[in-house]
>>> print(open('model-v3.txt').read())   # compact mmCIF, C-alpha atoms
# COMPACT_ATOMS: atom_id res chain seq x y z
CA MET A 1 0.00 0.00 0.00
CA ALA A 2 1.36 3.38 -0.95
CA ALA A 3 2.13 5.86 1.78
CA SER A 4 -1.00 7.85 2.39
CA LYS A 5 -0.65 11.35 3.69
CA GLN A 6 -4.41 11.72 3.64
CA LYS A 7 -5.95 13.20 6.74
CA ASP A 8 -7.92 11.03 9.09
CA ASP A 9 -10.72 12.20 11.34
CA THR A 10 -9.03 10.61 14.35
CA CYS A 11 -6.88 13.72 14.25
CA PRO A 12 -7.98 15.97 11.44
CA THR A 13 -5.55 18.83 11.84
CA GLU A 14 -2.34 17.68 10.26
CA GLY A 15 0.60 19.50 11.68
CA ASN A 16 -1.46 21.22 14.36
CA HIS A 17 0.12 19.81 17.48
CA THR A 18 -2.03 21.84 19.90
CA GLU A 19 -5.24 20.39 18.51
CA CYS A 20 -3.70 16.95 18.33
CA GLY A 21 -2.38 17.29 21.88
CA LYS A 22 -5.89 18.15 23.06
CA ARG A 23 -7.20 15.01 21.42
CA ILE A 24 -4.57 12.88 23.09
CA MET A 25 -5.38 14.56 26.40
CA ALA A 26 -9.08 13.76 26.03
CA VAL A 27 -8.30 10.14 25.19
CA ARG A 28 -6.00 9.92 28.23
CA ASP A 29 -8.68 11.45 30.46
CA ALA A 30 -11.02 8.66 29.47
CA LEU A 31 -8.31 6.04 29.99
CA ASP A 32 -7.49 7.45 33.44
CA ILE A 33 -11.07 6.98 34.54
CA ILE A 34 -11.42 3.38 33.46
CA SER A 35 -7.93 1.91 33.64
CA GLY A 36 -6.47 0.28 36.71
CA LYS A 37 -7.33 -3.08 38.15
CA TRP A 38 -10.69 -2.46 39.80
CA LYS A 39 -12.62 0.42 38.22
CA LEU A 40 -14.13 -1.62 35.41
CA PRO A 41 -15.06 -4.65 37.54
CA ILE A 42 -16.87 -2.25 39.91
CA ILE A 43 -18.68 -0.44 37.08
CA LEU A 44 -19.62 -3.77 35.48
CA ALA A 45 -20.90 -5.12 38.83
CA LEU A 46 -23.12 -2.05 39.21
CA THR A 47 -24.59 -2.43 35.72
CA PHE A 48 -26.55 -5.35 37.24
CA GLY A 49 -28.26 -3.00 39.65
CA ASP A 50 -27.66 -1.26 42.98
CA LYS A 51 -25.43 -3.09 45.42
CA ARG A 52 -24.34 -2.87 49.04
CA PHE A 53 -20.69 -2.68 49.95
CA LYS A 54 -20.62 -6.26 51.26
CA GLU A 55 -22.29 -7.57 48.09
CA MET A 56 -19.68 -5.91 45.93
CA GLU A 57 -16.85 -7.17 48.11
CA ARG A 58 -18.19 -10.69 47.60
CA ASP A 59 -18.96 -10.32 43.87
CA ILE A 60 -15.65 -8.81 42.82
CA HIS A 61 -13.15 -11.56 43.34
CA GLY A 62 -9.84 -10.59 44.89
CA ILE A 63 -10.74 -7.02 45.90
CA THR A 64 -10.06 -5.97 49.48
CA ALA A 65 -12.43 -3.77 51.52
CA LYS A 66 -9.78 -1.05 51.55
CA MET A 67 -9.35 -1.03 47.78
CA LEU A 68 -13.10 -1.19 47.16
CA SER A 69 -13.65 1.74 49.49
CA LYS A 70 -10.92 3.78 47.79
CA GLU A 71 -12.12 3.01 44.27
CA LEU A 72 -15.75 3.76 45.15
CA LYS A 73 -14.68 7.15 46.50
CA ASP A 74 -12.77 7.88 43.27
CA LEU A 75 -15.78 6.87 41.18
CA GLU A 76 -18.08 9.00 43.37
CA LEU A 77 -15.74 11.96 42.95
CA ASN A 78 -15.99 11.57 39.20
CA ASP A 79 -19.78 11.42 39.48
CA LEU A 80 -19.94 7.90 38.04
CA VAL A 81 -21.19 6.16 41.18
CA LYS A 82 -23.74 7.31 43.74
CA ARG A 83 -23.78 6.34 47.42
CA THR A 84 -27.22 6.35 49.00
CA VAL A 85 -27.87 5.96 52.73
CA TYR A 86 -31.33 4.60 53.60
CA ASP A 87 -32.94 5.42 56.92
CA THR A 88 -33.47 1.82 57.97
CA MET A 89 -32.50 -0.04 61.13
CA PRO A 90 -29.63 -0.75 60.80
CA VAL A 91 -28.78 1.93 58.26
CA THR A 92 -28.47 0.59 54.68
CA VAL A 93 -25.90 1.97 52.25
CA GLU A 94 -26.27 1.22 48.58
CA TYR A 95 -24.12 2.06 45.60
CA SER A 96 -25.48 2.61 42.12
CA LEU A 97 -24.28 3.86 38.77
CA THR A 98 -25.31 7.42 38.09
CA ASP A 99 -26.90 8.30 34.76
CA TYR A 100 -23.51 9.72 33.95
CA GLY A 101 -21.82 6.41 34.84
CA ARG A 102 -24.13 4.75 32.35
CA THR A 103 -22.76 6.95 29.57
CA LEU A 104 -19.61 4.78 29.75
CA LYS A 105 -21.58 1.86 28.39
CA LYS A 106 -20.89 2.52 24.71
CA LEU A 107 -17.17 2.88 25.40
CA ILE A 108 -17.06 -0.31 27.48
CA ILE A 109 -18.87 -2.23 24.74
CA GLU A 110 -16.36 -0.88 22.18
CA LEU A 111 -13.42 -1.91 24.41
CA HIS A 112 -14.97 -5.32 24.89
CA THR A 113 -15.61 -5.87 21.19
CA TRP A 114 -12.12 -4.88 20.19
CA GLY A 115 -10.43 -6.73 23.07
CA GLU A 116 -12.32 -9.93 22.38
CA GLN A 117 -11.43 -10.11 18.70
CA HIS A 118 -7.85 -9.13 19.55
CA ARG A 119 -7.53 -11.99 22.02
CA LYS A 120 -8.93 -14.43 19.43
CA ARG A 121 -6.53 -13.12 16.83
CA ILE A 122 -3.47 -13.38 19.08
CA LEU A 123 -4.41 -16.87 20.30
CA GLY A 124 -5.14 -17.99 16.72
CA ARG A 125 -1.62 -17.06 15.64
CA LYS A 126 0.11 -19.51 17.99
CA MET B 1 -34.51 6.43 40.62
CA ALA B 2 -35.53 3.06 42.02
CA ALA B 3 -32.96 0.31 42.25
CA SER B 4 -33.02 -1.55 38.99
CA LYS B 5 -32.03 -5.19 38.95
CA GLN B 6 -32.63 -5.27 35.25
CA LYS B 7 -29.94 -6.88 33.16
CA ASP B 8 -27.72 -4.78 30.99
CA ASP B 9 -26.05 -5.93 27.80
CA THR B 10 -22.70 -4.69 29.08
CA CYS B 11 -22.70 -7.95 31.02
CA PRO B 12 -25.86 -9.88 30.27
CA THR B 13 -25.34 -12.96 32.41
CA GLU B 14 -26.27 -11.95 35.91
CA GLY B 15 -24.54 -14.11 38.48
CA ASN B 16 -22.40 -15.84 35.85
CA HIS B 17 -18.94 -14.83 36.97
CA THR B 18 -17.09 -16.86 34.33
CA GLU B 19 -18.82 -15.05 31.50
CA CYS B 20 -18.45 -11.74 33.29
CA GLY B 21 -14.78 -12.47 33.99
CA LYS B 22 -14.25 -13.10 30.27
CA ARG B 23 -15.80 -9.75 29.47
CA ILE B 24 -13.57 -7.96 31.94
CA MET B 25 -10.57 -9.82 30.49
CA ALA B 26 -11.44 -8.68 26.97
CA VAL B 27 -11.85 -5.09 28.11
CA ARG B 28 -8.49 -5.27 29.90
CA ASP B 29 -6.84 -6.73 26.80
CA ALA B 30 -7.96 -3.70 24.85
CA LEU B 31 -6.81 -1.35 27.61
CA ASP B 32 -3.40 -3.05 27.77
CA ILE B 33 -2.84 -2.38 24.10
CA ILE B 34 -3.67 1.31 24.18
CA SER B 35 -2.83 2.46 27.68
CA GLY B 36 0.56 3.76 28.75
CA LYS B 37 2.10 7.06 27.89
CA TRP B 38 3.16 6.60 24.25
CA LYS B 39 1.06 4.00 22.44
CA LEU B 40 -1.76 6.36 21.54
CA PRO B 41 0.43 9.29 20.47
CA ILE B 42 2.29 6.89 18.15
CA ILE B 43 -0.91 5.43 16.72
CA LEU B 44 -2.36 8.92 16.26
CA ALA B 45 0.84 10.12 14.55
CA LEU B 46 0.62 7.23 12.10
CA THR B 47 -3.02 7.95 11.24
CA PHE B 48 -1.57 10.92 9.27
CA GLY B 49 0.33 8.53 7.03
CA ASP B 50 3.56 6.53 6.97
CA LYS B 51 6.46 7.98 8.92
CA ARG B 52 10.17 7.44 9.37
CA PHE B 53 11.62 6.89 12.83
CA LYS B 54 13.21 10.34 12.92
CA GLU B 55 9.95 12.02 11.84
CA MET B 56 8.09 10.32 14.66
CA GLU B 57 10.76 11.18 17.19
CA ARG B 58 10.36 14.83 16.18
CA ASP B 59 6.55 14.78 15.99
CA ILE B 60 5.87 13.09 19.32
CA HIS B 61 7.01 15.60 21.88
CA GLY B 62 8.98 14.24 24.81
CA ILE B 63 9.54 10.73 23.54
CA THR B 64 13.10 9.35 23.57
CA ALA B 65 14.55 7.22 20.78
CA LYS B 66 14.76 4.30 23.20
CA MET B 67 11.10 4.52 24.21
CA LEU B 68 9.93 5.01 20.63
CA SER B 69 11.90 1.97 19.52
CA LYS B 70 10.47 -0.16 22.33
CA GLU B 71 6.89 0.96 21.76
CA LEU B 72 7.13 0.45 18.00
CA LYS B 73 8.35 -3.13 18.61
CA ASP B 74 5.41 -3.76 20.96
CA LEU B 75 2.98 -2.37 18.41
CA GLU B 76 4.59 -4.47 15.64
CA LEU B 77 4.30 -7.58 17.81
CA ASN B 78 0.59 -6.88 18.19
CA ASP B 79 0.29 -6.45 14.43
CA LEU B 80 -0.85 -2.85 14.74
CA VAL B 81 2.18 -1.22 13.12
CA LYS B 82 4.21 -2.36 10.12
CA ARG B 83 7.90 -1.65 9.57
CA THR B 84 8.94 -1.51 5.91
CA VAL B 85 12.52 -1.33 4.71
CA TYR B 86 12.96 0.24 1.26
CA ASP B 87 15.91 -0.70 -0.93
CA THR B 88 17.13 2.85 -1.40
CA MET B 89 20.52 4.43 -0.86
CA PRO B 90 20.73 4.91 2.05
CA VAL B 91 18.15 2.35 3.18
CA THR B 92 14.78 3.92 4.14
CA VAL B 93 12.70 2.52 6.98
CA GLU B 94 9.07 3.55 7.27
CA TYR B 95 6.41 2.78 9.80
CA SER B 96 2.73 2.58 9.00
CA LEU B 97 -0.49 1.49 10.64
CA THR B 98 -1.60 -1.94 9.47
CA ASP B 99 -5.20 -2.43 8.38
CA TYR B 100 -5.59 -4.07 11.75
CA GLY B 101 -4.18 -0.99 13.49
CA ARG B 102 -6.84 1.04 11.75
CA THR B 103 -9.55 -1.07 13.40
CA LEU B 104 -8.69 0.83 16.61
CA LYS B 105 -10.08 3.99 15.10
CA LYS B 106 -13.66 3.55 16.33
CA LEU B 107 -12.44 2.83 19.84
CA ILE B 108 -10.12 5.84 19.85
CA ILE B 109 -12.92 8.10 18.64
CA GLU B 110 -15.17 6.72 21.42
CA LEU B 111 -12.44 7.36 24.03
CA HIS B 112 -11.92 10.83 22.65
CA THR B 113 -15.63 11.69 22.67
CA TRP B 114 -16.16 10.48 26.21
CA GLY B 115 -12.90 11.99 27.54
CA GLU B 116 -13.63 15.37 26.00
CA GLN B 117 -17.09 15.73 27.49
CA HIS B 118 -15.77 14.39 30.81
CA ARG B 119 -13.06 17.06 30.92
CA LYS B 120 -15.65 19.77 30.14
CA ARG B 121 -17.93 18.43 32.83
CA ILE B 122 -15.23 18.27 35.50
CA LEU B 123 -13.91 21.74 34.64
CA GLY B 124 -17.46 23.14 34.57
CA ARG B 125 -18.06 22.02 38.15
CA LYS B 126 -15.32 24.18 39.64
>>> encode(input="model-v3.txt", output="structure tokens")
Amino acid sequence: MAASKQKDDTCPTEGNHTECGKRIMAVRDALDIISGKWKLPIILALTFGDKRFKEMERDIHGITAKMLSKELKDLELNDLVKRTVYDTMPVTVEYSLTDYGRTLKKLIIELHTWGEQHRKRILGRK
Amino acid sequence: MAASKQKDDTCPTEGNHTECGKRIMAVRDALDIISGKWKLPIILALTFGDKRFKEMERDIHGITAKMLSKELKDLELNDLVKRTVYDTMPVTVEYSLTDYGRTLKKLIIELHTWGEQHRKRILGRK
């Protein structure tokens, strides 16, 4: 295939490093939110519905209470997860995805689709 | 909003941890390929067209020759980037995205779209 210098809408401003830098920054912002060992398992667990802390600790294999607590706080700070305290006896605390958290769905599906075919492709080469 | 135990096609098999684990694995596979400091800048640089090593070193601000070389090898190994040696005098080496590398485009656009609105949202809150 001949070298193509044609522009691509992934980064449409050839030679404009500021614009391109902004794009990379936006992509990295998204990666920062979802990368790491536990963020995605927590978000995926909450796509099933609201959960208590203990339920999540049990459902997400290998996570410690300390890590879960830290990650939930991060996700709350980014407005992706909501913590609700119910006035019951004893008090009930439930975590849920916010509407905003649900906007990650399309991106997660895209990551899943690409990752799955990539794994098949790599394994198929052996 | 009431707690919804409704299933979600992000992970449609409620209670089935094996299936859910596979999904998380696929998502992590995709993240492994594109996360890190330099993979995306390199992929984005190559969406403009084929490039020589020196051109990339100049275009991607802050990258060292050693890092660029390492990352290009990783990307080659994953079949995302192709290294072509031309029989010229002196020998010319060019890097290009493979057709497979171009399949990342949709995912990168999705990351960019989400990251951009997330940045706006976070900055808007201050």
>>> closest_residue(input="model-v3.txt", among="B:Ile60, B:Val85, B:Ala26, B:Val93", to="Pro41 (chain B)", atoms="all atoms listed in the file")
B:Ile60
>>> closest_residue(input="model-v3.txt", among="A:Lys51, A:Lys39, A:Arg28, A:Arg119", to="Leu80 (chain A)", atoms="only C-alpha atoms")
A:Lys39
>>> atom_distance(input="model-v3.txt", atom1="CA of Gly49 (chain A)", atom2="CA of Gly115 (chain B)")
24.6 Å
>>> residues_around(input="model-v3.txt", residues="Arg102 (chain A)", least_positions_apart="2", cutoff="12 Å", atoms="all atoms listed in the file", output="PyMOL selection string")
(chain A and resi 43-44+46-49+79-82+96-100+104-109) or (chain B and resi 8-10+114)
>>> closest_residue(input="model-v3.txt", among="B:Ile33, B:Ile63, B:Leu77, B:Leu111", to="chain A", atoms="only C-alpha atoms")
B:Leu111
>>> closest_residue(input="model-v3.txt", among="B:Lys70, B:Lys37, B:Lys54, B:Arg83", to="chain A", atoms="all atoms listed in the file")
B:Lys37
>>> axis_aligned_box(input="model-v3.txt", around="region 31-35 of chain B", padding_each_side="6 Å", output="AutoDock Vina command-line options")
--center_x -4.8 --center_y -0.3 --center_z 25.9 --size_x 16.0 --size_y 17.5 --size_z 15.7
>>> atom_distance(input="model-v3.txt", atom1="CA of Arg23 (chain A)", atom2="CA of Lys73 (chain B)")
24.1 Å
>>> atom_distance(input="model-v3.txt", atom1="CA of Leu75 (chain A)", atom2="CA of Met89 (chain A)")
26.9 Å
>>> closest_residue(input="model-v3.txt", among="A:His118, A:Arg52, A:Lys66, A:Arg58", to="chain B", atoms="only C-alpha atoms")
A:His118
>>> closest_residue(input="model-v3.txt", among="A:Phe53, A:Thr103, A:Asp29, A:Ser69", to="Thr84 (chain A)", atoms="all atoms listed in the file")
A:Phe53
>>> decode(input="model-v3.txt", residues="region 93-109 of chain B", atoms="N, CA and C atoms", output="short mmCIF file (atom, residue, chain, number, x, y, z; two decimals), in the first residue's frame")
data_model
loop_
_atom_site.label_atom_id
_atom_site.label_comp_id
_atom_site.auth_asym_id
_atom_site.auth_seq_id
_atom_site.Cartn_x
_atom_site.Cartn_y
_atom_site.Cartn_z
N VAL B 93 13.60 3.33 6.16
CA VAL B 93 12.70 2.52 6.98
C VAL B 93 11.46 3.35 7.30
N GLU B 94 10.31 2.82 6.97
CA GLU B 94 9.07 3.55 7.27
C GLU B 94 8.13 2.71 8.12
N TYR B 95 7.41 3.43 8.96
CA TYR B 95 6.41 2.78 9.80
C TYR B 95 5.03 3.20 9.35
N SER B 96 4.11 2.25 9.37
CA SER B 96 2.73 2.58 9.00
C SER B 96 1.78 1.80 9.88
N LEU B 97 0.55 2.27 9.95
CA LEU B 97 -0.49 1.49 10.64
C LEU B 97 -0.88 0.34 9.71
N THR B 98 -1.06 -0.83 10.27
CA THR B 98 -1.60 -1.94 9.47
C THR B 98 -3.11 -1.72 9.35
N ASP B 99 -3.74 -2.50 8.46
CA ASP B 99 -5.20 -2.43 8.38
C ASP B 99 -5.79 -2.76 9.75
N TYR B 100 -5.12 -3.69 10.43
CA TYR B 100 -5.59 -4.07 11.75
C TYR B 100 -5.47 -2.89 12.73
N GLY B 101 -4.37 -2.17 12.64
CA GLY B 101 -4.18 -0.99 13.49
C GLY B 101 -5.30 0.02 13.28
N ARG B 102 -5.76 0.09 12.05
CA ARG B 102 -6.84 1.04 11.75
C ARG B 102 -8.18 0.63 12.37
N THR B 103 -8.29 -0.65 12.76
CA THR B 103 -9.55 -1.07 13.40
C THR B 103 -9.71 -0.43 14.79
N LEU B 104 -8.62 0.15 15.31
CA LEU B 104 -8.69 0.83 16.61
C LEU B 104 -9.39 2.18 16.52
N LYS B 105 -9.59 2.63 15.30
CA LYS B 105 -10.08 3.99 15.10
C LYS B 105 -11.40 4.28 15.84
N LYS B 106 -12.34 3.34 15.71
CA LYS B 106 -13.66 3.55 16.33
C LYS B 106 -13.52 3.67 17.85
N LEU B 107 -12.66 2.81 18.40
CA LEU B 107 -12.44 2.83 19.84
C LEU B 107 -11.77 4.13 20.28
N ILE B 108 -10.81 4.59 19.51
CA ILE B 108 -10.12 5.84 19.85
C ILE B 108 -11.08 7.02 19.77
N ILE B 109 -11.94 7.02 18.76
CA ILE B 109 -12.92 8.10 18.64
C ILE B 109 -13.87 8.07 19.85
#
